[in-house]
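J.: Please see the structure below; I have some questions.
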Amino acid sequence: MPRLTVWMVRTALLHLLLGFTAGALLLAQRGMPLHPAIPRLRPAHAELLLIGWTVQLAMGVAFWILPRFRPGPERGDERPAWAAWVLLNLGVLTAAVGAAAFDSGTAIVVGRSAEALAAVAFARHAWPRVKPFG
Amino acid sequence: MPPLTRWFVKFALVYLVAALLLAVAMQWPGATIRVPWLAVVWPTYLHLLVVGWLTQLIFGVAFWLFPRHSAARPRGYEWLGWTSFVLLNVGLLVRVLAEPRAALGHHGGLLLPCSAAAQLLAGVAFVANLWPRVRER
């Protein structure tokens, strides 16, 4: 498992735990009122699980298993994939914290813009690796 | 494919079918008038799809295909994997039963908090077992 995959998968697992915790609080609140601010976790719950967990896990595994190149660096230029990891996590945290703590539409737009840039960077890395093995 | 993965994947397939049938029922003309709980079942449908199908499929395949923990214990502490499987499904099924009732104003007691705790613990058990297997060669 390459280093970037380790970072992406472990970060995805942390997002899974955070997202499940937010989801558990939201669900529990519906049967047993805990705190009036808990409903504000809903956008963070979705952001953490859809992007931070699912998308990031898919990126990490794709970086690991997509076909490699024979001559030169076996996974090609890794820099856009690392940039995707940084941008994706900055984006998820900005959007999640901005929505939950500050109810900030601006933070959500900034965070989701970073996520979109992460998608572009990851596609830039992965595109040439979508090819036959060998 | 290890037995735990087979259970995860087969349950995931059942949830996928159930979620998509529920999606049809929710949109069936006049269905929400005849069956009122179909009008409040959207969050349940969504979680059948993303927890029951997607997350459970990921859990099962990751348990199967991620790098081995060790020669003696290739898939880590399997009891943690089984704990995750049982808690995830019990939690989700309790949610399926209790959530529409709560949305229609019936007090479900501690059913929803118990469902929440079960699903959270399922996630913790899964991460605890998988974490040591996520490493460089």
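Letters A, B, ... mark the chains of the structure tokens in the order given; residue numbers begin at 1 per chain; ligand numbers begin at 1, in order shown.
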Tell me which protein, DNA and RNA residues are within 8 Å of B:Gly123, counting only C-alpha atoms, leaving out same-chain ones fewer than 3 positions away, and put them as a ChimeraX atom specification.

T.: /A:16-17,20 /B:84,88,119-120,126-127

J.: List as a ChimeraX atom specification the protein and nucleic acid residues near B:Val61, meaning an atom at most 9 Å away when only C-alpha atoms are counted, but skip any in the same chain fewer than 2 places from it.

T.: /B:1,5,8-9,56-59,63-66

J.: Take the selection from the previous step and output its residues with all heavy atoms, as a JSON list (two decimals), in the first residue's frame.

T.:
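Final output, selection-v1.json:
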[["chain", "number", "residue", "atom", "x", "y", "z"],
["B", 1, "MET", "N", -13.14, -15.59, -0.34],
["B", 1, "MET", "CA", -13.87, -14.55, 0.39],
["B", 1, "MET", "C", -14.21, -15.07, 1.79],
["B", 1, "MET", "O", -14.87, -16.09, 1.92],
["B", 1, "MET", "CB", -15.14, -14.21, -0.39],
["B", 1, "MET", "CG", -15.94, -13.07, 0.16],
["B", 1, "MET", "SD", -17.49, -12.81, -0.77],
["B", 1, "MET", "CE", -16.91, -11.83, -2.13],
["B", 5, "THR", "N", -17.10, -11.39, 5.26],
["B", 5, "THR", "CA", -17.33, -10.59, 4.05],
["B", 5, "THR", "C", -18.60, -11.05, 3.34],
["B", 5, "THR", "O", -19.39, -10.24, 2.84],
["B", 5, "THR", "CB", -16.12, -10.69, 3.10],
["B", 5, "THR", "OG1", -15.00, -10.10, 3.75],
["B", 5, "THR", "CG2", -16.37, -9.98, 1.79],
["B", 8, "PHE", "N", -21.49, -9.56, 5.17],
["B", 8, "PHE", "CA", -21.59, -8.12, 4.90],
["B", 8, "PHE", "C", -22.18, -7.89, 3.50],
["B", 8, "PHE", "O", -23.10, -7.08, 3.32],
["B", 8, "PHE", "CB", -20.20, -7.46, 4.96],
["B", 8, "PHE", "CG", -19.81, -6.88, 6.30],
["B", 8, "PHE", "CD1", -18.61, -7.23, 6.90],
["B", 8, "PHE", "CD2", -20.62, -5.96, 6.95],
["B", 8, "PHE", "CE1", -18.22, -6.67, 8.12],
["B", 8, "PHE", "CE2", -20.25, -5.40, 8.17],
["B", 8, "PHE", "CZ", -19.04, -5.76, 8.76],
["B", 9, "VAL", "N", -21.63, -8.57, 2.50],
["B", 9, "VAL", "CA", -22.03, -8.28, 1.12],
["B", 9, "VAL", "C", -23.48, -8.74, 0.86],
["B", 9, "VAL", "O", -24.25, -8.04, 0.20],
["B", 9, "VAL", "CB", -21.04, -8.92, 0.12],
["B", 9, "VAL", "CG1", -21.53, -8.77, -1.30],
["B", 9, "VAL", "CG2", -19.66, -8.29, 0.27],
["B", 56, "GLN", "N", -21.86, -0.79, 4.28],
["B", 56, "GLN", "CA", -21.71, -2.21, 4.62],
["B", 56, "GLN", "C", -20.89, -2.95, 3.55],
["B", 56, "GLN", "O", -20.07, -3.82, 3.86],
["B", 56, "GLN", "CB", -23.09, -2.85, 4.75],
["B", 56, "GLN", "CG", -23.07, -4.29, 5.16],
["B", 56, "GLN", "CD", -24.24, -4.64, 6.04],
["B", 56, "GLN", "OE1", -24.06, -5.16, 7.12],
["B", 56, "GLN", "NE2", -25.44, -4.35, 5.62],
["B", 57, "LEU", "N", -21.09, -2.58, 2.29],
["B", 57, "LEU", "CA", -20.30, -3.17, 1.21],
["B", 57, "LEU", "C", -18.82, -2.81, 1.38],
["B", 57, "LEU", "O", -17.93, -3.67, 1.24],
["B", 57, "LEU", "CB", -20.81, -2.68, -0.14],
["B", 57, "LEU", "CG", -20.18, -3.32, -1.37],
["B", 57, "LEU", "CD1", -20.70, -4.74, -1.56],
["B", 57, "LEU", "CD2", -20.47, -2.51, -2.62],
["B", 58, "ILE", "N", -18.55, -1.56, 1.71],
["B", 58, "ILE", "CA", -17.16, -1.13, 1.93],
["B", 58, "ILE", "C", -16.55, -1.90, 3.10],
["B", 58, "ILE", "O", -15.42, -2.39, 3.02],
["B", 58, "ILE", "CB", -17.10, 0.40, 2.19],
["B", 58, "ILE", "CG1", -17.46, 1.17, 0.92],
["B", 58, "ILE", "CG2", -15.72, 0.80, 2.68],
["B", 58, "ILE", "CD1", -17.64, 2.67, 1.15],
["B", 59, "PHE", "N", -17.30, -2.01, 4.21],
["B", 59, "PHE", "CA", -16.79, -2.74, 5.38],
["B", 59, "PHE", "C", -16.40, -4.17, 4.99],
["B", 59, "PHE", "O", -15.34, -4.66, 5.34],
["B", 59, "PHE", "CB", -17.85, -2.79, 6.49],
["B", 59, "PHE", "CG", -17.97, -1.54, 7.32],
["B", 59, "PHE", "CD1", -17.44, -0.33, 6.90],
["B", 59, "PHE", "CD2", -18.63, -1.56, 8.54],
["B", 59, "PHE", "CE1", -17.57, 0.83, 7.67],
["B", 59, "PHE", "CE2", -18.76, -0.42, 9.32],
["B", 59, "PHE", "CZ", -18.23, 0.78, 8.89],
["B", 63, "PHE", "N", -12.50, -5.55, 4.77],
["B", 63, "PHE", "CA", -12.12, -6.65, 5.66],
["B", 63, "PHE", "C", -11.45, -7.78, 4.87],
["B", 63, "PHE", "O", -10.50, -8.41, 5.33],
["B", 63, "PHE", "CB", -13.36, -7.18, 6.38],
["B", 63, "PHE", "CG", -13.08, -8.31, 7.33],
["B", 63, "PHE", "CD1", -12.54, -8.09, 8.58],
["B", 63, "PHE", "CD2", -13.35, -9.62, 6.95],
["B", 63, "PHE", "CE1", -12.27, -9.14, 9.44],
["B", 63, "PHE", "CE2", -13.08, -10.68, 7.81],
["B", 63, "PHE", "CZ", -12.54, -10.44, 9.06],
["B", 64, "TRP", "N", -11.92, -7.97, 3.65],
["B", 64, "TRP", "CA", -11.41, -9.05, 2.78],
["B", 64, "TRP", "C", -10.07, -8.67, 2.15],
["B", 64, "TRP", "O", -9.11, -9.45, 2.18],
["B", 64, "TRP", "CB", -12.47, -9.31, 1.72],
["B", 64, "TRP", "CG", -12.13, -10.27, 0.63],
["B", 64, "TRP", "CD1", -11.25, -11.32, 0.66],
["B", 64, "TRP", "CD2", -12.72, -10.28, -0.68],
["B", 64, "TRP", "NE1", -11.25, -11.96, -0.54],
["B", 64, "TRP", "CE2", -12.15, -11.35, -1.39],
["B", 64, "TRP", "CE3", -13.67, -9.49, -1.31],
["B", 64, "TRP", "CZ2", -12.49, -11.64, -2.70],
["B", 64, "TRP", "CZ3", -14.03, -9.79, -2.62],
["B", 64, "TRP", "CH2", -13.44, -10.85, -3.30],
["B", 65, "LEU", "N", -9.96, -7.46, 1.56],
["B", 65, "LEU", "CA", -8.88, -7.18, 0.62],
["B", 65, "LEU", "C", -7.75, -6.30, 1.16],
["B", 65, "LEU", "O", -6.73, -6.18, 0.49],
["B", 65, "LEU", "CB", -9.45, -6.52, -0.63],
["B", 65, "LEU", "CG", -10.33, -7.42, -1.50],
["B", 65, "LEU", "CD1", -10.89, -6.65, -2.68],
["B", 65, "LEU", "CD2", -9.55, -8.63, -1.99],
["B", 66, "PHE", "N", -7.92, -5.68, 2.31],
["B", 66, "PHE", "CA", -6.84, -4.83, 2.79],
["B", 66, "PHE", "C", -5.63, -5.70, 3.21],
["B", 66, "PHE", "O", -5.78, -6.89, 3.44],
["B", 66, "PHE", "CB", -7.33, -3.96, 3.95],
["B", 66, "PHE", "CG", -7.84, -2.61, 3.48],
["B", 66, "PHE", "CD1", -8.63, -2.50, 2.36],
["B", 66, "PHE", "CD2", -7.51, -1.45, 4.16],
["B", 66, "PHE", "CE1", -9.09, -1.26, 1.91],
["B", 66, "PHE", "CE2", -7.97, -0.21, 3.72],
["B", 66, "PHE", "CZ", -8.75, -0.11, 2.60]]

J.: So how many Å separate atom CA of B:Leu22 and atom CA of A:Val55, to one decimal?

T.: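 Atom CA of A:Val55 lies 25.5 Å from atom CA of B:Leu22.
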
J.: Using Å and a single decimal, report how far atom CA of A:Leu87 sits from atom CA of A:Leu48.

T.: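 Between atom CA of A:Leu48 and atom CA of A:Leu87 the gap is 14.0 Å.
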
J.: Provide as a list in words the residues of chain A at most 8 Å from chain B, counting only C-alpha atoms.

T.: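 Every residue meeting the condition is included here: Met1, Pro2, Arg3, Val6, Val9, Arg10, Leu13, Leu16, Leu17, Phe20, Thr21, Gly23, Ala24, Leu25, Leu27, Ala28, Gln29, Arg30, Gly31 and Met32 of chain A.
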
J.: Could you pull out the alpha helix (DSSP H) residues of stretch 29-85 of chain B, going by DSSP on the backbone, and write them as a VMD selection string?

T.: chain B and resid 31 to 34 42 to 47 56 to 65 78 to 85

J.: Can you write out the residues you just picked, keeping N, CA, C and O atoms, as a CSV table (one decimal), in the first residue's frame?

T.:
chain,number,residue,atom,x,y,z
B,31,ALA,N,-49.9,6.5,-2.8
B,31,ALA,CA,-49.4,5.6,-1.7
B,31,ALA,C,-49.3,6.2,-0.4
B,31,ALA,O,-49.7,5.6,0.6
B,32,THR,N,-48.9,7.5,-0.3
B,32,THR,CA,-48.8,8.2,0.9
B,32,THR,C,-50.1,8.5,1.6
B,32,THR,O,-50.1,8.7,2.8
B,33,ILE,N,-51.2,8.5,0.8
B,33,ILE,CA,-52.5,8.6,1.4
B,33,ILE,C,-52.9,7.3,2.1
B,33,ILE,O,-53.5,7.3,3.2
B,34,ARG,N,-52.7,6.2,1.4
B,34,ARG,CA,-53.1,4.9,1.9
B,34,ARG,C,-52.2,4.5,3.1
B,34,ARG,O,-52.6,3.8,4.0
B,42,TRP,N,-38.4,9.2,4.1
B,42,TRP,CA,-37.2,9.6,3.3
B,42,TRP,C,-35.9,9.4,4.0
B,42,TRP,O,-34.9,8.8,3.4
B,43,PRO,N,-35.7,9.9,5.3
B,43,PRO,CA,-34.4,9.7,5.9
B,43,PRO,C,-34.1,8.2,6.1
B,43,PRO,O,-32.9,7.8,6.0
B,44,THR,N,-35.1,7.4,6.3
B,44,THR,CA,-34.9,6.0,6.5
B,44,THR,C,-34.4,5.4,5.2
B,44,THR,O,-33.4,4.6,5.1
B,45,TYR,N,-35.0,5.7,4.1
B,45,TYR,CA,-34.6,5.3,2.7
B,45,TYR,C,-33.2,5.7,2.5
B,45,TYR,O,-32.4,4.8,2.0
B,46,LEU,N,-32.8,6.9,2.8
B,46,LEU,CA,-31.5,7.4,2.5
B,46,LEU,C,-30.4,6.6,3.3
B,46,LEU,O,-29.4,6.2,2.8
B,47,HIS,N,-30.8,6.3,4.6
B,47,HIS,CA,-29.8,5.5,5.4
B,47,HIS,C,-29.8,4.0,5.0
B,47,HIS,O,-28.7,3.4,5.2
B,56,GLN,N,-21.9,-0.8,4.3
B,56,GLN,CA,-21.7,-2.2,4.6
B,56,GLN,C,-20.9,-3.0,3.5
B,56,GLN,O,-20.1,-3.8,3.9
B,57,LEU,N,-21.1,-2.6,2.3
B,57,LEU,CA,-20.3,-3.2,1.2
B,57,LEU,C,-18.8,-2.8,1.4
B,57,LEU,O,-17.9,-3.7,1.2
B,58,ILE,N,-18.5,-1.6,1.7
B,58,ILE,CA,-17.2,-1.1,1.9
B,58,ILE,C,-16.6,-1.9,3.1
B,58,ILE,O,-15.4,-2.4,3.0
B,59,PHE,N,-17.3,-2.0,4.2
B,59,PHE,CA,-16.8,-2.7,5.4
B,59,PHE,C,-16.4,-4.2,5.0
B,59,PHE,O,-15.3,-4.7,5.3
B,60,GLY,N,-17.3,-4.8,4.2
B,60,GLY,CA,-17.1,-6.2,3.9
B,60,GLY,C,-15.9,-6.4,3.0
B,60,GLY,O,-15.0,-7.3,3.2
B,61,VAL,N,-15.8,-5.5,2.0
B,61,VAL,CA,-14.7,-5.7,1.0
B,61,VAL,C,-13.3,-5.3,1.6
B,61,VAL,O,-12.3,-5.9,1.4
B,62,ALA,N,-13.4,-4.2,2.4
B,62,ALA,CA,-12.1,-3.8,3.1
B,62,ALA,C,-11.6,-4.9,4.0
B,62,ALA,O,-10.4,-5.2,4.1
B,63,PHE,N,-12.5,-5.6,4.8
B,63,PHE,CA,-12.1,-6.7,5.7
B,63,PHE,C,-11.4,-7.8,4.9
B,63,PHE,O,-10.5,-8.4,5.3
B,64,TRP,N,-11.9,-8.0,3.6
B,64,TRP,CA,-11.4,-9.0,2.8
B,64,TRP,C,-10.1,-8.7,2.2
B,64,TRP,O,-9.1,-9.4,2.2
B,65,LEU,N,-10.0,-7.5,1.6
B,65,LEU,CA,-8.9,-7.2,0.6
B,65,LEU,C,-7.7,-6.3,1.2
B,65,LEU,O,-6.7,-6.2,0.5
B,78,GLU,N,-10.9,-10.8,14.4
B,78,GLU,CA,-12.2,-11.0,13.7
B,78,GLU,C,-13.4,-10.7,14.5
B,78,GLU,O,-14.4,-10.3,14.0
B,79,TRP,N,-13.3,-10.9,15.8
B,79,TRP,CA,-14.4,-10.6,16.7
B,79,TRP,C,-14.8,-9.1,16.6
B,79,TRP,O,-16.0,-8.8,16.7
B,80,LEU,N,-13.8,-8.3,16.3
B,80,LEU,CA,-14.2,-6.9,16.1
B,80,LEU,C,-15.0,-6.7,14.8
B,80,LEU,O,-16.0,-5.9,14.8
B,81,GLY,N,-14.6,-7.4,13.8
B,81,GLY,CA,-15.4,-7.4,12.5
B,81,GLY,C,-16.8,-7.9,12.7
B,81,GLY,O,-17.8,-7.3,12.2
B,82,TRP,N,-16.9,-9.0,13.5
B,82,TRP,CA,-18.3,-9.5,13.7
B,82,TRP,C,-19.1,-8.6,14.6
B,82,TRP,O,-20.3,-8.4,14.4
B,83,THR,N,-18.5,-8.0,15.5
B,83,THR,CA,-19.2,-7.0,16.4
B,83,THR,C,-19.7,-5.9,15.5
B,83,THR,O,-20.8,-5.4,15.7
B,84,SER,N,-18.8,-5.4,14.6
B,84,SER,CA,-19.2,-4.3,13.7
B,84,SER,C,-20.4,-4.7,12.9
B,84,SER,O,-21.4,-4.0,12.7
B,85,PHE,N,-20.4,-5.9,12.3
B,85,PHE,CA,-21.5,-6.4,11.5
B,85,PHE,C,-22.8,-6.5,12.3
B,85,PHE,O,-23.9,-6.0,11.8

J.: So, with only C-alpha atoms as the atoms that count, which of B:Leu20, B:Val51, B:Met26, B:Leu38 lies closest to B:Leu92?

T.: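 Of all the options, B:Val51 lies closest to B:Leu92.
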
J.: Find the residues around A:Ala22 up to 9 Å (only C-alpha atoms counted), leave out those fewer than 5 positions away in its own chain, and share them as a ChimeraX atom specification.

T.: /A:17,27,38,41-42,44-45

J.: Could you dump the residues just selected with N, CA, C and O atoms as a short mmCIF file (atom, residue, chain, number, x, y, z; two decimals), in the first residue's frame?

T.:
data_model
loop_
_atom_site.label_atom_id
_atom_site.label_comp_id
_atom_site.auth_asym_id
_atom_site.auth_seq_id
_atom_site.Cartn_x
_atom_site.Cartn_y
_atom_site.Cartn_z
N LEU A 17 -15.41 8.11 11.61
CA LEU A 17 -15.73 8.17 13.04
C LEU A 17 -16.42 9.49 13.39
O LEU A 17 -17.41 9.51 14.14
N LEU A 27 -29.45 11.35 15.47
CA LEU A 27 -30.50 10.34 15.60
C LEU A 27 -30.98 10.24 17.05
O LEU A 27 -32.19 10.18 17.31
N ILE A 38 -27.65 20.55 18.40
CA ILE A 38 -27.30 19.32 17.67
C ILE A 38 -27.83 19.30 16.23
O ILE A 38 -27.12 18.86 15.32
N LEU A 41 -25.59 20.01 13.26
CA LEU A 41 -24.56 19.07 12.80
C LEU A 41 -24.92 18.39 11.49
O LEU A 41 -24.09 17.72 10.89
N ARG A 42 -26.17 18.57 11.03
CA ARG A 42 -26.62 17.81 9.85
C ARG A 42 -25.74 18.02 8.60
O ARG A 42 -25.30 17.05 7.98
N ALA A 44 -22.64 18.96 8.47
CA ALA A 44 -21.32 18.39 8.74
C ALA A 44 -21.37 16.86 8.63
O ALA A 44 -20.45 16.23 8.10
N HIS A 45 -22.45 16.27 9.12
CA HIS A 45 -22.64 14.81 9.04
C HIS A 45 -22.58 14.35 7.58
O HIS A 45 -21.85 13.40 7.24
#

J.: One decimal, Å: what's the distance from atom CA of B:Arg73 over to atom CA of B:Arg6, could you say?

T.: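 Those two atoms sit 18.8 Å apart.
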
J.: Contacts of B:Val35 at 12 Å or less, counting only C-alpha atoms, minus same-chain residues fewer than 4 places along, as number ranges by chain?

T.: B: 25-31, 39-41, 100, 104

J.: Return the single residue from A:Gly60, A:Gly19, A:Pro132, A:Gly91 that is closest to A:Trp7, with distances computed using only C-alpha atoms.

T.: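 The closest residue to A:Trp7 is A:Gly60.
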